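**Q** A single structure is presented below for examination.
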Amino acid sequence: MRKVFINIKQLLQIRPKGEFKVAGALMNELPKIDNAFLAIKDDKISAFGKMEAYSPKKGDECIDATGRLLLPSWCDSHSHTVFAGHRSQEFVDRINGLSYEEIAQRGGGILNSAKTLEKTSETSLFKQSMARIKELEKMGTGALEIKSGYGLTVDAELKMLRVIKKIAQQTAIKIKATFLGAHAVPEAYKSKKSAYVDLIINKMLPKIKTENLADYVDVFCEKGYFDLKDTDRILTAAKRYGLLPKIHVNQFNAFGGIALGVKHKALSVDHLEELSEADIEALKYSQTMPVALPGCSFFLGIPYTPSRKLMDADLPLALATDFNPGSAPSGNMNFIVSLACIKMKMTPEEALNAATLNGAYAMGISDDYGSITVGKKANLILTKPMENYAEIPYAFGNNPVYKTILNGRILN
């Protein structure tokens, strides 16, 4: 028995098998079919095309999509969705004139979240995080990378990763886990950062491997956090445990982190609010995906990733939320797509490509997610009635999602 969406106003992001990312000028092309159908068998896309080509089969369950668009669900390749509590006081502090760096120096920021998380039980952390996941489902997220990094001790980092693993078992959203023990230097290691790097390499990584808790490794490669030498040590060690890099670089400073990520064959380099010509050159001819996080720029009032500079250099770009309690407290990918158009001057086509096809690439899940392709998972968004896909970023702050379809099942 098939589920068949019929009379779809626009079926978006049609791709052949094997097309896993787009770059440069090709990002401005969004293949679509007007007045279309799409069939789902079990949890996968089994057929699609023009309505006149639809051949009903006995037992088809038809869903009338008249006036609505159907597109792949959002692939959010960078988030910190597992955290405890909130940091709304820091929001007020910034309104009153303190910078992100000043708040961190006063014991706020990542260290604040780490203190709260350490006191939070694994059960409570799971419940808080699953409540956020349910909200993301409603907003069309169908694939989500989640990082640790608010633990900063062996036990607390493992607690976070176990929660991420449990979430993956209990949600239809595709989850990928990233170990980010090098998110900040804990207070206990303030004057001995090298010893904390040793702890990550010698204690955390082996335990993560034993329990199979992570797919990727991340480092906050930034002045005041982890430098190039630290980052190189961690990425080199993580490789021995089968963890591919996805690293934070160039949020506030550009000092060679991108070239280092490319050297280590990073799947993605994320943030890139600061970008030099040397960074652009390092990315050329690499397989590393640049990822922009405009929600963080919006919330902190810092520069946005220069998307045009990247695409004009014939490079690809993905979009993600950076959902976290301190610098991007929203996991709404619809808003991220709007910000990309409004603040980064991306076209709707570029933004939608960056949030689906290229987002899947930045998560390493292109075989099954990110496009309308026969054989891929049926993780889809059915929109509210609209004239065309430009209305998704145009109506910023609105939720354009009428129904989310995950693994072929329409969520209530």
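A note on labels: chains of the structure tokens are A, B, ... as shown, every chain counts residues from 1, and ligands are counted from 1 in their shown order.
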Tell me, as a ChimeraX atom specification, which residues lie within 7 Å of Glu145 of chain A, counting only C-alpha atoms; anything in the same chain fewer than 2 positions away does not count.
**A** /A:76-79,147,175-177,363
**Q** Go through segment 106-187 of chain A and collect every residue that DSSP, computed from the backbone, puts in alpha helix (DSSP H); the answer should be as number ranges by chain.
**A** A: 110-119, 122-138, 154-170
**Q** Keeping only C-alpha atoms, take the residues you just selected and write them out as a JSON list (two decimals), in the first residue's frame.
**A**
```
[["chain", "number", "residue", "atom", "x", "y", "z"],
["A", 110, "ILE", "CA", 29.54, 27.79, 27.76],
["A", 111, "LEU", "CA", 30.86, 27.36, 31.32],
["A", 112, "ASN", "CA", 27.51, 28.52, 32.68],
["A", 113, "SER", "CA", 25.72, 25.84, 30.67],
["A", 114, "ALA", "CA", 28.28, 23.26, 31.82],
["A", 115, "LYS", "CA", 27.57, 24.02, 35.48],
["A", 116, "THR", "CA", 23.84, 23.62, 34.95],
["A", 117, "LEU", "CA", 24.22, 20.42, 32.96],
["A", 118, "GLU", "CA", 26.50, 18.82, 35.54],
["A", 119, "LYS", "CA", 23.74, 19.20, 38.15],
["A", 122, "GLU", "CA", 20.41, 12.15, 32.59],
["A", 123, "THR", "CA", 16.65, 11.55, 32.81],
["A", 124, "SER", "CA", 15.87, 15.26, 33.16],
["A", 125, "LEU", "CA", 18.29, 16.18, 30.39],
["A", 126, "PHE", "CA", 16.61, 13.69, 28.08],
["A", 127, "LYS", "CA", 13.12, 15.02, 28.87],
["A", 128, "GLN", "CA", 14.14, 18.64, 28.30],
["A", 129, "SER", "CA", 15.85, 17.77, 25.03],
["A", 130, "MET", "CA", 13.03, 15.58, 23.69],
["A", 131, "ALA", "CA", 10.58, 18.45, 24.26],
["A", 132, "ARG", "CA", 12.73, 20.57, 21.93],
["A", 133, "ILE", "CA", 12.90, 17.74, 19.39],
["A", 134, "LYS", "CA", 9.10, 17.59, 19.28],
["A", 135, "GLU", "CA", 9.00, 21.30, 18.48],
["A", 136, "LEU", "CA", 11.57, 20.86, 15.71],
["A", 137, "GLU", "CA", 9.44, 18.11, 14.15],
["A", 138, "LYS", "CA", 6.55, 20.56, 13.85],
["A", 154, "VAL", "CA", 34.38, 12.81, 31.27],
["A", 155, "ASP", "CA", 31.13, 11.88, 32.99],
["A", 156, "ALA", "CA", 29.12, 14.88, 31.80],
["A", 157, "GLU", "CA", 30.25, 14.59, 28.18],
["A", 158, "LEU", "CA", 29.32, 10.90, 28.18],
["A", 159, "LYS", "CA", 25.97, 11.81, 29.75],
["A", 160, "MET", "CA", 25.22, 14.20, 26.90],
["A", 161, "LEU", "CA", 26.22, 11.70, 24.24],
["A", 162, "ARG", "CA", 24.11, 8.96, 25.84],
["A", 163, "VAL", "CA", 21.13, 11.31, 25.77],
["A", 164, "ILE", "CA", 21.76, 12.04, 22.08],
["A", 165, "LYS", "CA", 21.90, 8.29, 21.41],
["A", 166, "LYS", "CA", 18.62, 7.78, 23.27],
["A", 167, "ILE", "CA", 16.99, 10.60, 21.30],
["A", 168, "ALA", "CA", 18.09, 8.94, 18.05],
["A", 169, "GLN", "CA", 16.32, 5.78, 19.17],
["A", 170, "GLN", "CA", 13.07, 7.58, 20.03]]
```
**Q** Quick one: of A:His271, A:Lys192, A:Lys32, A:Lys203, who's nearest to Val249 of chain A, counting only C-alpha atoms?
**A** A:His271
**Q** Quick one, how far is atom CA of Gly397 of chain A from atom CA of Phe83 of chain A?
**A**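 Answer for the atom CA of Gly397 of chain A to atom CA of Phe83 of chain A separation: 23.7 Å.
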**Q** Atom CA of Ala313 of chain A and atom CA of Ile33 of chain A, how far apart in Å?
**A**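 A separation of 29.4 Å between them.
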**Q** Would you kindly return, as a list in words, each protein, DNA or RNA residue with an atom no farther than 8 Å from any atom of Met289 of chain A, considering only C-alpha atoms and excluding same-chain residues fewer than 2 positions away?
**A**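 Once the adjacent positions are removed, what remains is Leu267, Ser268, Val269, Gln287, Val291, Pro316, Leu317, Ala318, Asn358, Tyr361 and Ala362 of chain A.
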**Q** Write out, as a PDB file, in the first residue's frame, the residues just selected, with C-alpha atoms.
**A**
```
ATOM      1  CA  LEU A 267      33.180  17.112   6.513  1.00  0.00           C
ATOM      2  CA  SER A 268      32.278  20.711   7.296  1.00  0.00           C
ATOM      3  CA  VAL A 269      33.681  23.961   8.662  1.00  0.00           C
ATOM      4  CA  GLN A 287      35.359  18.145  -0.238  1.00  0.00           C
ATOM      5  CA  VAL A 291      28.238  25.974   6.885  1.00  0.00           C
ATOM      6  CA  PRO A 316      28.927  25.332  -1.896  1.00  0.00           C
ATOM      7  CA  LEU A 317      27.214  26.495   1.284  1.00  0.00           C
ATOM      8  CA  ALA A 318      24.926  24.862   3.844  1.00  0.00           C
ATOM      9  CA  ASN A 358      23.842  20.758   1.101  1.00  0.00           C
ATOM     10  CA  TYR A 361      25.958  16.582   2.728  1.00  0.00           C
ATOM     11  CA  ALA A 362      27.274  18.442   5.781  1.00  0.00           C
TER      12      ALA A 362
END
```
**Q** Quick one: residues within 8 Å of Lys265 of chain A, only C-alpha atoms counted, chain neighbours fewer than 3 positions away excluded, as a PyMOL selection string?
**A** chain A and resi 244-245+261-262+286-288
**Q** Rank nothing, just name the residue among A:Arg68, A:Lys58, A:Lys3, A:His183 nearest to Gly224 of chain A, using only C-alpha atoms.
**A** A:His183
**Q** Can you tell me which residues surround Pro325 of chain A at a distance of at most 10 Å, considering only C-alpha atoms, apart from same-chain residues fewer than 5 positions away, and format the answer as a ChimeraX atom specification?
**A** /A:80-88,90-91,109-110,113,330
**Q** What are the nearest atom pairs, with distances in Å to one decimal, for all residues of segment 270-316 of chain A that come at most 10 Å from segment 92-96 of chain A, using only C-alpha atoms, set out by chain and rising residue number as a tab-separated table?
**A**
```
residue	atom	partner	partner_atom	distance
A:Phe299	CA	A:Arg94	CA	9.9
A:Leu300	CA	A:Arg94	CA	8.2
A:Gly301	CA	A:Arg94	CA	9.9
```
**Q** With a distance cut-off of 10 Å and only C-alpha atoms, select the neighbouring residues of Val337 of chain A, excluding the residue or stretch itself and same-chain residues fewer than 3 positions from it, and output the selection as a PDB file with N, CA and C atoms, in the first residue's frame.
**A**
```pdb
ATOM      1  N   TRP A  74      13.955  19.786   6.382  1.00  0.00           N
ATOM      2  CA  TRP A  74      15.199  20.509   6.643  1.00  0.00           C
ATOM      3  C   TRP A  74      16.260  19.579   7.203  1.00  0.00           C
ATOM      4  N   PRO A 294      23.309  31.705  10.493  1.00  0.00           N
ATOM      5  CA  PRO A 294      22.831  33.087  10.605  1.00  0.00           C
ATOM      6  C   PRO A 294      22.032  33.384  11.867  1.00  0.00           C
ATOM      7  N   GLY A 295      21.470  32.345  12.516  1.00  0.00           N
ATOM      8  CA  GLY A 295      20.752  32.588  13.765  1.00  0.00           C
ATOM      9  C   GLY A 295      21.666  33.132  14.838  1.00  0.00           C
ATOM     10  N   LEU A 319      23.242  25.705   5.348  1.00  0.00           N
ATOM     11  CA  LEU A 319      22.681  26.525   6.418  1.00  0.00           C
ATOM     12  C   LEU A 319      22.284  25.624   7.581  1.00  0.00           C
ATOM     13  N   ALA A 320      22.513  26.096   8.799  1.00  0.00           N
ATOM     14  CA  ALA A 320      22.109  25.351   9.986  1.00  0.00           C
ATOM     15  C   ALA A 320      21.737  26.341  11.085  1.00  0.00           C
ATOM     16  N   THR A 321      21.123  25.823  12.166  1.00  0.00           N
ATOM     17  CA  THR A 321      20.581  26.720  13.193  1.00  0.00           C
ATOM     18  C   THR A 321      21.589  27.130  14.260  1.00  0.00           C
ATOM     19  N   ASN A 332      14.568  26.838  14.697  1.00  0.00           N
ATOM     20  CA  ASN A 332      13.606  27.025  13.608  1.00  0.00           C
ATOM     21  C   ASN A 332      14.320  27.234  12.276  1.00  0.00           C
ATOM     22  N   MET A 333      14.419  26.172  11.480  1.00  0.00           N
ATOM     23  CA  MET A 333      15.101  26.281  10.189  1.00  0.00           C
ATOM     24  C   MET A 333      14.358  27.184   9.203  1.00  0.00           C
ATOM     25  N   ASN A 334      13.062  27.336   9.355  1.00  0.00           N
ATOM     26  CA  ASN A 334      12.316  28.251   8.484  1.00  0.00           C
ATOM     27  C   ASN A 334      12.831  29.681   8.653  1.00  0.00           C
ATOM     28  N   ALA A 340      18.841  33.946   5.812  1.00  0.00           N
ATOM     29  CA  ALA A 340      19.809  33.808   4.722  1.00  0.00           C
ATOM     30  C   ALA A 340      19.445  34.705   3.552  1.00  0.00           C
ATOM     31  N   CYS A 341      18.156  34.805   3.275  1.00  0.00           N
ATOM     32  CA  CYS A 341      17.714  35.666   2.171  1.00  0.00           C
ATOM     33  C   CYS A 341      17.786  37.144   2.542  1.00  0.00           C
ATOM     34  N   ILE A 342      17.342  37.470   3.743  1.00  0.00           N
ATOM     35  CA  ILE A 342      17.227  38.869   4.142  1.00  0.00           C
ATOM     36  C   ILE A 342      18.585  39.485   4.476  1.00  0.00           C
ATOM     37  N   MET A 344      21.834  37.704   4.330  1.00  0.00           N
ATOM     38  CA  MET A 344      23.003  37.209   3.601  1.00  0.00           C
ATOM     39  C   MET A 344      22.833  37.363   2.094  1.00  0.00           C
ATOM     40  N   MET A 346      21.024  35.823  -0.003  1.00  0.00           N
ATOM     41  CA  MET A 346      20.881  34.601  -0.787  1.00  0.00           C
ATOM     42  C   MET A 346      19.500  34.593  -1.445  1.00  0.00           C
ATOM     43  N   THR A 347      19.405  34.036  -2.627  1.00  0.00           N
ATOM     44  CA  THR A 347      18.100  33.894  -3.263  1.00  0.00           C
ATOM     45  C   THR A 347      17.333  32.774  -2.569  1.00  0.00           C
ATOM     46  N   PRO A 348      15.997  32.740  -2.724  1.00  0.00           N
ATOM     47  CA  PRO A 348      15.252  31.612  -2.148  1.00  0.00           C
ATOM     48  C   PRO A 348      15.773  30.260  -2.627  1.00  0.00           C
ATOM     49  N   GLU A 350      18.875  29.483  -3.532  1.00  0.00           N
ATOM     50  CA  GLU A 350      20.144  29.196  -2.851  1.00  0.00           C
ATOM     51  C   GLU A 350      19.908  28.763  -1.411  1.00  0.00           C
ATOM     52  N   ALA A 351      19.007  29.479  -0.735  1.00  0.00           N
ATOM     53  CA  ALA A 351      18.750  29.159   0.669  1.00  0.00           C
ATOM     54  C   ALA A 351      18.115  27.784   0.823  1.00  0.00           C
ATOM     55  N   LEU A 352      17.178  27.438  -0.049  1.00  0.00           N
ATOM     56  CA  LEU A 352      16.534  26.130   0.043  1.00  0.00           C
ATOM     57  C   LEU A 352      17.513  25.005  -0.282  1.00  0.00           C
ATOM     58  N   ASN A 353      18.384  25.212  -1.251  1.00  0.00           N
ATOM     59  CA  ASN A 353      19.432  24.225  -1.523  1.00  0.00           C
ATOM     60  C   ASN A 353      20.355  24.058  -0.318  1.00  0.00           C
ATOM     61  N   ALA A 354      20.700  25.179   0.314  1.00  0.00           N
ATOM     62  CA  ALA A 354      21.622  25.145   1.448  1.00  0.00           C
ATOM     63  C   ALA A 354      21.022  24.456   2.664  1.00  0.00           C
ATOM     64  N   ALA A 355      19.700  24.512   2.803  1.00  0.00           N
ATOM     65  CA  ALA A 355      19.018  23.963   3.981  1.00  0.00           C
ATOM     66  C   ALA A 355      18.540  22.528   3.789  1.00  0.00           C
ATOM     67  N   ILE A 392       8.214  31.027   1.537  1.00  0.00           N
ATOM     68  CA  ILE A 392       8.790  30.410   2.738  1.00  0.00           C
ATOM     69  C   ILE A 392       9.735  31.392   3.425  1.00  0.00           C
ATOM     70  N   PRO A 393      10.745  31.949   2.729  1.00  0.00           N
ATOM     71  CA  PRO A 393      11.597  32.939   3.397  1.00  0.00           C
ATOM     72  C   PRO A 393      10.941  34.312   3.536  1.00  0.00           C
ATOM     73  N   TYR A 394      10.036  34.642   2.624  1.00  0.00           N
ATOM     74  CA  TYR A 394       9.385  35.959   2.635  1.00  0.00           C
ATOM     75  C   TYR A 394       8.605  36.188   3.932  1.00  0.00           C
ATOM     76  N   PHE A 396       8.839  35.764   7.087  1.00  0.00           N
ATOM     77  CA  PHE A 396       9.733  35.412   8.181  1.00  0.00           C
ATOM     78  C   PHE A 396       8.970  35.374   9.508  1.00  0.00           C
TER      79      PHE A 396
END
```
**Q** So which residues touch Glu29 of chain A within 8 Å, counting only C-alpha atoms, skipping near sequence neighbours fewer than 3 positions away, as a list in words?
**A**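 In the requested form, the answer reads Ala25, Leu26, Glu349 and Glu350 of chain A.
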**Q** To one decimal place in Å, what is the distance between atom CA of Gly24 of chain A and atom CA of Ala292 of chain A?
**A**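 Separation of atom CA of Gly24 of chain A and atom CA of Ala292 of chain A: 15.0 Å.
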